[in-house]
file protein07.pdb (PDB, C-alpha atoms)
ATOM      1  CA  MET J 849      -8.085 -20.540   7.004
ATOM      2  CA  ALA J 850      -6.631 -19.676   3.627
ATOM      3  CA  ARG J 851      -6.778 -22.272   0.894
ATOM      4  CA  SER J 852      -4.364 -24.968   1.985
ATOM      5  CA  GLY J 853      -0.756 -23.925   1.552
ATOM      6  CA  THR J 854      -1.391 -20.758  -0.480
ATOM      7  CA  GLY J 855       0.105 -18.306   2.021
ATOM      8  CA  ASP J 856       3.090 -20.530   2.798
ATOM      9  CA  ALA J 857       3.716 -21.043  -0.917
ATOM     10  CA  LEU J 858       3.718 -17.293  -1.516
ATOM     11  CA  LEU J 859       6.257 -16.638   1.224
ATOM     12  CA  ARG J 860       8.399 -19.556   0.106
ATOM     13  CA  GLU J 861       8.395 -18.703  -3.583
ATOM     14  CA  LEU J 862       8.551 -14.913  -3.218
ATOM     15  CA  PRO J 863      11.284 -14.279  -0.650
ATOM     16  CA  LYS J 864      11.872 -10.573  -1.346
ATOM     17  CA  HIS J 865       9.703  -7.527  -0.733
ATOM     18  CA  PHE J 866       7.959  -5.386  -3.303
ATOM     19  CA  GLY J 867       7.225  -1.703  -3.795
ATOM     20  CA  THR J 868       3.983  -2.345  -5.660
ATOM     21  CA  ILE J 869       1.610  -5.331  -5.577
ATOM     22  CA  LEU J 870      -1.173  -5.937  -8.097
ATOM     23  CA  ILE J 871      -3.683  -8.641  -7.224
ATOM     24  CA  ASP J 872      -6.771 -10.018  -8.980
ATOM     25  CA  PRO J 873      -8.128 -12.528  -6.432
ATOM     26  CA  PRO J 874     -10.431 -15.371  -7.486
ATOM     27  CA  TRP J 875     -13.434 -13.794  -5.750
ATOM     28  CA  ARG J 876     -16.362 -15.970  -4.672
ATOM     29  CA  PHE J 877     -19.863 -14.555  -4.406
ATOM     30  CA  THR J 878     -23.447 -15.757  -4.378
ATOM     31  CA  ASN J 879     -25.959 -14.543  -6.945
ATOM     32  CA  ARG J 880     -29.678 -14.005  -6.397
ATOM     33  CA  THR J 881     -30.496 -17.633  -7.301
ATOM     34  CA  GLY J 882     -28.409 -18.778  -4.330
ATOM     35  CA  LYS J 883     -25.775 -20.332  -6.552
ATOM     36  CA  VAL J 884     -22.132 -19.573  -5.927
ATOM     37  CA  ALA J 885     -20.535 -17.792  -8.885
ATOM     38  CA  PRO J 886     -18.446 -18.467 -10.852
ATOM     39  CA  GLU J 887     -18.190 -22.046  -9.557
ATOM     40  CA  HIS J 888     -21.702 -23.366 -10.153
ATOM     41  CA  LYS J 889     -22.244 -25.806 -13.029
ATOM     42  CA  ARG J 890     -22.916 -23.293 -15.807
ATOM     43  CA  LEU J 891     -20.139 -20.891 -14.878
ATOM     44  CA  HIS J 892     -17.314 -23.157 -13.746
ATOM     45  CA  ARG J 893     -14.083 -21.483 -14.800
ATOM     46  CA  TYR J 894     -11.549 -21.664 -11.954
ATOM     47  CA  PRO J 895     -11.368 -22.381  -8.194
ATOM     48  CA  THR J 896     -12.375 -19.390  -6.083
ATOM     49  CA  MET J 897     -11.500 -18.270  -2.559
ATOM     50  CA  SER J 898     -13.642 -17.017   0.304
ATOM     51  CA  PHE J 899     -13.227 -13.497   1.676
ATOM     52  CA  ASP J 900     -11.450 -14.872   4.756
ATOM     53  CA  GLU J 901      -9.051 -16.879   2.600
ATOM     54  CA  ILE J 902      -8.185 -13.820   0.530
ATOM     55  CA  ALA J 903      -7.733 -11.663   3.651
ATOM     56  CA  GLU J 904      -5.298 -14.216   5.082
ATOM     57  CA  LEU J 905      -2.969 -14.045   2.092
ATOM     58  CA  PRO J 906       0.383 -12.585   3.301
ATOM     59  CA  VAL J 907       0.175  -9.550   1.022
ATOM     60  CA  GLY J 908       1.316  -7.146   3.732
ATOM     61  CA  ARG J 909       4.346  -9.322   4.499
ATOM     62  CA  LEU J 910       5.367  -9.257   0.843
ATOM     63  CA  ALA J 911       5.200  -5.454   0.671
ATOM     64  CA  LEU J 912       7.925  -2.977   1.559
ATOM     65  CA  PRO J 913       7.215  -0.706   4.575
ATOM     66  CA  SER J 914       6.346   2.047   2.091
ATOM     67  CA  SER J 915       4.489   0.539  -0.850
ATOM     68  CA  HIS J 916       1.433   0.620  -3.099
ATOM     69  CA  LEU J 917      -1.375  -1.884  -3.592
ATOM     70  CA  TYR J 918      -3.710  -2.284  -6.585
ATOM     71  CA  LEU J 919      -6.656  -4.636  -5.987
ATOM     72  CA  TRP J 920      -9.160  -5.608  -8.707
ATOM     73  CA  CYS J 921     -12.655  -5.592  -7.238
ATOM     74  CA  PRO J 922     -16.099  -6.396  -8.684
ATOM     75  CA  ASN J 923     -18.587  -3.611  -7.983
ATOM     76  CA  ALA J 924     -20.721  -5.910  -5.814
ATOM     77  CA  LEU J 925     -17.809  -6.699  -3.469
ATOM     78  CA  LEU J 926     -16.570  -3.199  -2.676
ATOM     79  CA  LEU J 927     -17.209  -3.408   1.077
ATOM     80  CA  GLU J 928     -15.431  -6.765   1.366
ATOM     81  CA  ALA J 929     -12.488  -5.537  -0.707
ATOM     82  CA  LEU J 930     -12.033  -2.430   1.441
ATOM     83  CA  THR J 931     -12.038  -4.625   4.556
ATOM     84  CA  ILE J 932      -9.403  -6.891   3.008
ATOM     85  CA  ILE J 933      -7.178  -3.939   2.068
ATOM     86  CA  LYS J 934      -7.198  -2.887   5.729
ATOM     87  CA  ALA J 935      -6.460  -6.458   6.884
ATOM     88  CA  TRP J 936      -3.372  -6.486   4.659
ATOM     89  CA  GLY J 937      -2.061  -3.344   6.363
ATOM     90  CA  PHE J 938      -2.828  -0.834   3.620
ATOM     91  CA  THR J 939      -4.922   2.323   3.701
ATOM     92  CA  TYR J 940      -7.415   2.789   0.876
ATOM     93  CA  LYS J 941      -6.912   6.060  -1.009
ATOM     94  CA  THR J 942      -8.762   6.024  -4.321
ATOM     95  CA  ASN J 943      -9.534   3.852  -7.348
ATOM     96  CA  LEU J 944      -9.104   3.486 -11.079
ATOM     97  CA  VAL J 945     -12.262   2.644 -13.028
ATOM     98  CA  TRP J 946     -12.176   0.311 -15.999
ATOM     99  CA  TYR J 947     -14.933   1.358 -18.411
ATOM    100  CA  LYS J 948     -15.712  -1.503 -20.808
ATOM    101  CA  VAL J 949     -16.727  -0.421 -24.292
ATOM    102  CA  ARG J 950     -17.866  -1.977 -27.555
ATOM    103  CA  LYS J 951     -15.992  -1.683 -30.828
ATOM    104  CA  ASP J 952     -17.951   1.483 -31.620
ATOM    105  CA  GLY J 953     -16.954   3.063 -28.294
ATOM    106  CA  GLY J 954     -20.331   2.717 -26.584
ATOM    107  CA  PRO J 955     -20.811   0.953 -23.236
ATOM    108  CA  ASP J 956     -20.507  -2.838 -23.426
ATOM    109  CA  GLY J 957     -23.763  -3.981 -21.818
ATOM    110  CA  ARG J 958     -22.850  -7.663 -21.720
ATOM    111  CA  GLY J 959     -21.594  -7.365 -18.156
ATOM    112  CA  VAL J 960     -23.346  -9.035 -15.229
ATOM    113  CA  GLY J 961     -25.597  -7.324 -12.723
ATOM    114  CA  PHE J 962     -28.942  -7.977 -11.030
ATOM    115  CA  TYR J 963     -29.688  -4.329 -10.223
ATOM    116  CA  PHE J 964     -27.825  -2.436 -12.961
ATOM    117  CA  ARG J 965     -25.918  -3.729 -15.977
ATOM    118  CA  ASN J 966     -22.252  -3.376 -15.015
ATOM    119  CA  VAL J 967     -19.961  -1.828 -17.609
ATOM    120  CA  THR J 968     -17.253  -0.880 -15.112
ATOM    121  CA  GLU J 969     -14.840  -2.637 -12.785
ATOM    122  CA  LEU J 970     -12.753  -1.120  -9.997
ATOM    123  CA  LEU J 971      -9.017  -1.222  -9.404
ATOM    124  CA  LEU J 972      -8.702  -0.101  -5.783
ATOM    125  CA  PHE J 973      -5.550   1.754  -4.748
ATOM    126  CA  GLY J 974      -4.050   1.503  -1.265
ATOM    127  CA  VAL J 975      -0.912   2.801   0.431
ATOM    128  CA  LYS J 976       1.332   1.346   3.106
ATOM    129  CA  GLY J 977       3.369   3.977   4.919
ATOM    130  CA  HIS J 978       3.376   7.477   3.454
ATOM    131  CA  LEU J 979       4.116   7.060  -0.228
ATOM    132  CA  ARG J 980       2.677   9.288  -2.924
ATOM    133  CA  THR J 981       2.440   8.314  -6.558
ATOM    134  CA  PHE J 982       5.167   9.439  -8.941
ATOM    135  CA  LYS J 983       4.681  12.720 -10.781
ATOM    136  CA  PRO J 984       2.779  11.076 -13.715
ATOM    137  CA  GLY J 985       0.202   9.854 -11.219
ATOM    138  CA  ARG J 986      -0.744  13.394 -10.316
ATOM    139  CA  THR J 987      -1.968  14.014 -13.859
ATOM    140  CA  GLN J 988      -3.236  10.488 -14.615
ATOM    141  CA  VAL J 989      -7.034  10.400 -14.841
ATOM    142  CA  ASN J 990      -8.623   7.547 -12.908
ATOM    143  CA  ILE J 991     -10.408   5.884 -15.810
ATOM    144  CA  MET J 992      -9.268   3.197 -18.246
ATOM    145  CA  ILE J 993     -11.346   2.754 -21.394
ATOM    146  CA  SER J 994     -10.970  -0.436 -23.425
ATOM    147  CA  ARG J 995     -12.834  -3.365 -24.891
ATOM    148  CA  LYS J 996     -13.091  -6.416 -22.674
ATOM    149  CA  GLN J 997     -11.863  -9.832 -23.686
ATOM    150  CA  GLU J 998     -12.552 -13.241 -22.157
ATOM    151  CA  HIS J 999     -13.875 -13.722 -18.616
ATOM    152  CA  SER J1000     -11.765 -12.071 -15.920
ATOM    153  CA  ARG J1001      -9.052 -10.768 -18.270
ATOM    154  CA  LYS J1002      -8.041  -7.229 -17.344
ATOM    155  CA  PRO J1003      -6.901  -4.328 -19.596
ATOM    156  CA  GLN J1004      -3.246  -4.275 -20.533
ATOM    157  CA  MET J1005      -3.023  -0.520 -20.003
ATOM    158  CA  ALA J1006      -3.214  -1.104 -16.232
ATOM    159  CA  TYR J1007       0.395  -2.317 -16.197
ATOM    160  CA  ARG J1008       1.615   0.833 -17.959
ATOM    161  CA  ILE J1009      -0.285   3.107 -15.582
ATOM    162  CA  ILE J1010       0.997   1.264 -12.522
ATOM    163  CA  GLN J1011       4.624   1.365 -13.667
ATOM    164  CA  GLN J1012       4.405   5.084 -14.416
ATOM    165  CA  CYS J1013       2.812   5.923 -11.089
ATOM    166  CA  SER J1014       4.174   3.463  -8.506
ATOM    167  CA  PRO J1015       7.595   2.129  -7.431
ATOM    168  CA  GLY J1016       9.130  -1.264  -8.089
ATOM    169  CA  PRO J1017       9.907  -4.005  -7.594
ATOM    170  CA  TYR J1018       6.538  -5.047  -9.057
ATOM    171  CA  LEU J1019       4.601  -8.155  -8.021
ATOM    172  CA  GLU J1020       1.394  -9.549  -9.544
ATOM    173  CA  LEU J1021      -0.544 -12.259  -7.709
ATOM    174  CA  PHE J1022      -2.898 -14.622  -9.569
ATOM    175  CA  ALA J1023      -1.256 -13.486 -12.803
ATOM    176  CA  ARG J1024      -2.148 -14.979 -16.174
ATOM    177  CA  GLU J1025      -0.031 -13.179 -18.772
ATOM    178  CA  LYS J1026       3.726 -12.715 -18.482
ATOM    179  CA  VAL J1027       4.787  -9.078 -18.333
ATOM    180  CA  PRO J1028       8.424  -7.911 -18.598
ATOM    181  CA  GLY J1029       9.793  -6.277 -15.473
ATOM    182  CA  TRP J1030       7.332  -7.981 -13.104
ATOM    183  CA  THR J1031       7.569 -10.858 -10.648
ATOM    184  CA  GLN J1032       4.401 -12.877 -11.219
ATOM    185  CA  TRP J1033       2.721 -15.706  -9.338
ATOM    186  CA  GLY J1034      -0.300 -17.762 -10.364
ATOM    187  CA  ASP J1035      -1.459 -21.245 -11.318
ATOM    188  CA  GLN J1036      -2.315 -20.200 -14.885
ATOM    189  CA  LEU J1037       0.836 -18.221 -15.661
ATOM    190  CA  GLU J1038       2.542 -20.953 -17.696
ATOM    191  CA  THR J1039      -0.544 -22.259 -19.495
ATOM    192  CA  TYR J1040      -2.947 -19.346 -19.977
ATOM    193  CA  GLU J1041      -1.770 -18.233 -23.422
ATOM    194  CA  GLN J1042      -2.110 -21.786 -24.764
ATOM    195  CA  THR J1043      -5.484 -22.593 -23.219
ATOM    196  CA  ARG J1044      -7.447 -19.343 -23.006
ATOM    197  CA  LEU J1045     -10.511 -18.839 -25.175
ATOM    198  CA  VAL J1046     -10.599 -15.850 -27.515
ATOM    199  CA  TYR J1047     -14.113 -14.660 -28.337
ATOM    200  CA  PRO J1048     -14.566 -13.084 -31.808
ATOM    201  CA  ALA J1049     -16.994 -10.527 -30.371
ATOM    202  CA  TYR J1050     -14.280  -9.253 -28.025
ATOM    203  CA  ASN J1051     -10.912  -7.687 -28.738
ATOM    204  CA  GLY J1052      -8.797 -10.690 -29.738
ATOM    205  CA  SER J1053      -5.352  -9.261 -29.100
ATOM    206  CA  ARG J1054      -3.001 -11.685 -27.354
ATOM    207  CA  THR J1055      -0.114  -9.292 -26.911
ATOM    208  CA  CYS J1056       0.931  -7.538 -23.729
ATOM    209  CA  VAL J1057       4.105  -5.500 -24.141
ATOM    210  CA  VAL J1058       5.081  -3.237 -21.278
ATOM    211  CA  THR J1059       8.367  -1.360 -21.050
ATOM    212  CA  PRO J1060       9.612  -0.978 -17.469
ATOM    213  CA  GLN J1061       9.894   2.676 -16.450
ATOM    214  CA  ALA J1062      12.728   4.253 -14.478
ATOM    215  CA  HIS J1063      11.825   6.938 -11.942
ATOM    216  CA  SER J1064      13.885   9.241  -9.800
ATOM    217  CA  ASP J1065      11.102  10.820  -7.714
TER     218      ASP J1065
END

call {"tool": "encode", "arguments": {"input": "protein07.pdb", "output": "structure tokens"}}
result
Amino acid sequence: MARSGTGDALLRELPKHFGTILIDPPWRFTNRTGKVAPEHKRLHRYPTMSFDEIAELPVGRLALPSSHLYLWCPNALLLEALTIIKAWGFTYKTNLVWYKVRKDGGPDGRGVGFYFRNVTELLLFGVKGHLRTFKPGRTQVNIMISRKQEHSRKPQMAYRIIQQCSPGPYLELFAREKVPGWTQWGDQLETYEQTRLVYPAYNGSRTCVVTPQAHSD
């Protein structure tokens, strides 16, 4: 079962349907020591959800019959994420790759990984119905290059790319930062800017300004 009340809360609080849904689930996974990350003692940051709990979220019911899905996925959980996309009623098409760099533009090797040092993260793209991206999407390269910030925070450019390439209304689940033009849902949405840690070694920008785009195609 999904975490108690999460699905019902989503349907109750988000009564309309959306053309594009962006979701960054609180993934749970076990590392090679057998500890569950990121909830074990050293890495406790936020409550996580099992794969079954994430799959049971009513994402498909919140989406329009023809719609787009963007799902953030750690490299180690690609198989599980693809299964979840299918469970939500979407068909996986492609992905955007976030390449994390240092200030000098080289790869930021501080990422986790027990086999290779991860400097990328995937934003999986799925389609419900038969809906292509807007014209800008057909020339948009599938890589985002930026410096990372604190744990789990994603690049701001993702919002701009999504709005240029996919239809509204826009919904973000498990959101942290408020973005104009989006409906957003998440426990940290009202408190994140006041409580988040900014690491001097990372890009310390706190601003996320996105101008909603109008499309006719």

call {"tool": "resolve_selection", "arguments": {"input": "protein07.pdb", "expression": "the PyMOL selection byres ((chain J and resi 988) around 10)", "output": "PyMOL selection string"}}
result
chain J and resi 944+983-987+989-991+1009+1012-1013

call {"tool": "resolve_selection", "arguments": {"input": "protein07.pdb", "expression": "the PyMOL selection byres ((chain J and resi 1006) around 12)", "output": "ChimeraX atom specification"}}
result
/J:870-871,918-920,943-946,970-972,988,990-994,1001-1005,1007-1014,1020,1027,1056-1058

call {"tool": "write_last_selection", "arguments": {"input": "protein07.pdb", "atoms": "C-alpha atoms", "output": "PDB file, in the frame of the given file"}}
result
ATOM      1  CA  LEU J 870      -1.173  -5.937  -8.097  1.00  0.00           C
ATOM      2  CA  ILE J 871      -3.683  -8.641  -7.224  1.00  0.00           C
ATOM      3  CA  TYR J 918      -3.710  -2.284  -6.585  1.00  0.00           C
ATOM      4  CA  LEU J 919      -6.656  -4.636  -5.987  1.00  0.00           C
ATOM      5  CA  TRP J 920      -9.160  -5.608  -8.707  1.00  0.00           C
ATOM      6  CA  ASN J 943      -9.534   3.852  -7.348  1.00  0.00           C
ATOM      7  CA  LEU J 944      -9.104   3.486 -11.079  1.00  0.00           C
ATOM      8  CA  VAL J 945     -12.262   2.644 -13.028  1.00  0.00           C
ATOM      9  CA  TRP J 946     -12.176   0.311 -15.999  1.00  0.00           C
ATOM     10  CA  LEU J 970     -12.753  -1.120  -9.997  1.00  0.00           C
ATOM     11  CA  LEU J 971      -9.017  -1.222  -9.404  1.00  0.00           C
ATOM     12  CA  LEU J 972      -8.702  -0.101  -5.783  1.00  0.00           C
ATOM     13  CA  GLN J 988      -3.236  10.488 -14.615  1.00  0.00           C
ATOM     14  CA  ASN J 990      -8.623   7.547 -12.908  1.00  0.00           C
ATOM     15  CA  ILE J 991     -10.408   5.884 -15.810  1.00  0.00           C
ATOM     16  CA  MET J 992      -9.268   3.197 -18.246  1.00  0.00           C
ATOM     17  CA  ILE J 993     -11.346   2.754 -21.394  1.00  0.00           C
ATOM     18  CA  SER J 994     -10.970  -0.436 -23.425  1.00  0.00           C
ATOM     19  CA  ARG J1001      -9.052 -10.768 -18.270  1.00  0.00           C
ATOM     20  CA  LYS J1002      -8.041  -7.229 -17.344  1.00  0.00           C
ATOM     21  CA  PRO J1003      -6.901  -4.328 -19.596  1.00  0.00           C
ATOM     22  CA  GLN J1004      -3.246  -4.275 -20.533  1.00  0.00           C
ATOM     23  CA  MET J1005      -3.023  -0.520 -20.003  1.00  0.00           C
ATOM     24  CA  TYR J1007       0.395  -2.317 -16.197  1.00  0.00           C
ATOM     25  CA  ARG J1008       1.615   0.833 -17.959  1.00  0.00           C
ATOM     26  CA  ILE J1009      -0.285   3.107 -15.582  1.00  0.00           C
ATOM     27  CA  ILE J1010       0.997   1.264 -12.522  1.00  0.00           C
ATOM     28  CA  GLN J1011       4.624   1.365 -13.667  1.00  0.00           C
ATOM     29  CA  GLN J1012       4.405   5.084 -14.416  1.00  0.00           C
ATOM     30  CA  CYS J1013       2.812   5.923 -11.089  1.00  0.00           C
ATOM     31  CA  SER J1014       4.174   3.463  -8.506  1.00  0.00           C
ATOM     32  CA  GLU J1020       1.394  -9.549  -9.544  1.00  0.00           C
ATOM     33  CA  VAL J1027       4.787  -9.078 -18.333  1.00  0.00           C
ATOM     34  CA  CYS J1056       0.931  -7.538 -23.729  1.00  0.00           C
ATOM     35  CA  VAL J1057       4.105  -5.500 -24.141  1.00  0.00           C
ATOM     36  CA  VAL J1058       5.081  -3.237 -21.278  1.00  0.00           C
TER      37      VAL J1058
END

call {"tool": "atom_distance", "arguments": {"input": "protein07.pdb", "atom1": "CA of Glu904 (chain J)", "atom2": "CA of Pro1028 (chain J)"}}
result
28.1 Å

call {"tool": "atom_distance", "arguments": {"input": "protein07.pdb", "atom1": "CA of Gly867 (chain J)", "atom2": "CA of Phe938 (chain J)"}}
result
12.5 Å

call {"tool": "atom_distance", "arguments": {"input": "protein07.pdb", "atom1": "CA of Leu927 (chain J)", "atom2": "CA of Glu901 (chain J)"}}
result
15.8 Å

call {"tool": "closest_residue", "arguments": {"input": "protein07.pdb", "among": "J:Gly954, J:Gly974, J:Gly961, J:Pro922", "to": "Thr942 (chain J)", "atoms": "all atoms listed in the file"}}
result
J:Gly974

call {"tool": "residues_around", "arguments": {"input": "protein07.pdb", "residues": "Arg876 (chain J)", "least_positions_apart": "6", "cutoff": "6 Å", "atoms": "all atoms listed in the file", "output": "tab-separated table (two decimals) with C-alpha atoms, in the coordinates of the input"}}
result
chain	number	residue	atom	x	y	z
J	896	THR	CA	-12.38	-19.39	-6.08
J	897	MET	CA	-11.50	-18.27	-2.56
J	898	SER	CA	-13.64	-17.02	0.30

call {"tool": "closest_residue", "arguments": {"input": "protein07.pdb", "among": "J:Gly977, J:Pro906, J:Pro913, J:Pro895", "to": "Arg860 (chain J)", "atoms": "all atoms listed in the file"}}
result
J:Pro906

call {"tool": "residues_near_point", "arguments": {"input": "protein07.pdb", "point": "(-21.2, -6.6, -20.9)", "cutoff": "10 Å", "atoms": "only C-alpha atoms", "output": "MDAnalysis selection string"}}
result
chainID J and resid 948:950 955:961 965:968 995:996

call {"tool": "write_last_selection", "arguments": {"input": "protein07.pdb", "atoms": "C-alpha atoms", "output": "PDB file, keeping the file's coordinate frame"}}
result
ATOM      1  CA  LYS J 948     -15.712  -1.503 -20.808  1.00  0.00           C
ATOM      2  CA  VAL J 949     -16.727  -0.421 -24.292  1.00  0.00           C
ATOM      3  CA  ARG J 950     -17.866  -1.977 -27.555  1.00  0.00           C
ATOM      4  CA  PRO J 955     -20.811   0.953 -23.236  1.00  0.00           C
ATOM      5  CA  ASP J 956     -20.507  -2.838 -23.426  1.00  0.00           C
ATOM      6  CA  GLY J 957     -23.763  -3.981 -21.818  1.00  0.00           C
ATOM      7  CA  ARG J 958     -22.850  -7.663 -21.720  1.00  0.00           C
ATOM      8  CA  GLY J 959     -21.594  -7.365 -18.156  1.00  0.00           C
ATOM      9  CA  VAL J 960     -23.346  -9.035 -15.229  1.00  0.00           C
ATOM     10  CA  GLY J 961     -25.597  -7.324 -12.723  1.00  0.00           C
ATOM     11  CA  ARG J 965     -25.918  -3.729 -15.977  1.00  0.00           C
ATOM     12  CA  ASN J 966     -22.252  -3.376 -15.015  1.00  0.00           C
ATOM     13  CA  VAL J 967     -19.961  -1.828 -17.609  1.00  0.00           C
ATOM     14  CA  THR J 968     -17.253  -0.880 -15.112  1.00  0.00           C
ATOM     15  CA  ARG J 995     -12.834  -3.365 -24.891  1.00  0.00           C
ATOM     16  CA  LYS J 996     -13.091  -6.416 -22.674  1.00  0.00           C
TER      17      LYS J 996
END

call {"tool": "closest_residue", "arguments": {"input": "protein07.pdb", "among": "J:Lys976, J:Gly953, J:Gly1016, J:Leu912", "to": "Tyr940 (chain J)", "atoms": "only C-alpha atoms"}}
result
J:Lys976

call {"tool": "closest_residue", "arguments": {"input": "protein07.pdb", "among": "J:Arg980, J:Phe964, J:Trp875, J:Phe1022", "to": "Ala929 (chain J)", "atoms": "all atoms listed in the file"}}
result
J:Trp875

call {"tool": "axis_aligned_box", "arguments": {"input": "protein07.pdb", "around": "region 990-996 of chain J", "padding_each_side": "5 Å", "output": "AutoDock Vina command-line options"}}
result
--center_x -10.9 --center_y 0.6 --center_z -18.9 --size_x 14.5 --size_y 24.0 --size_z 22.0
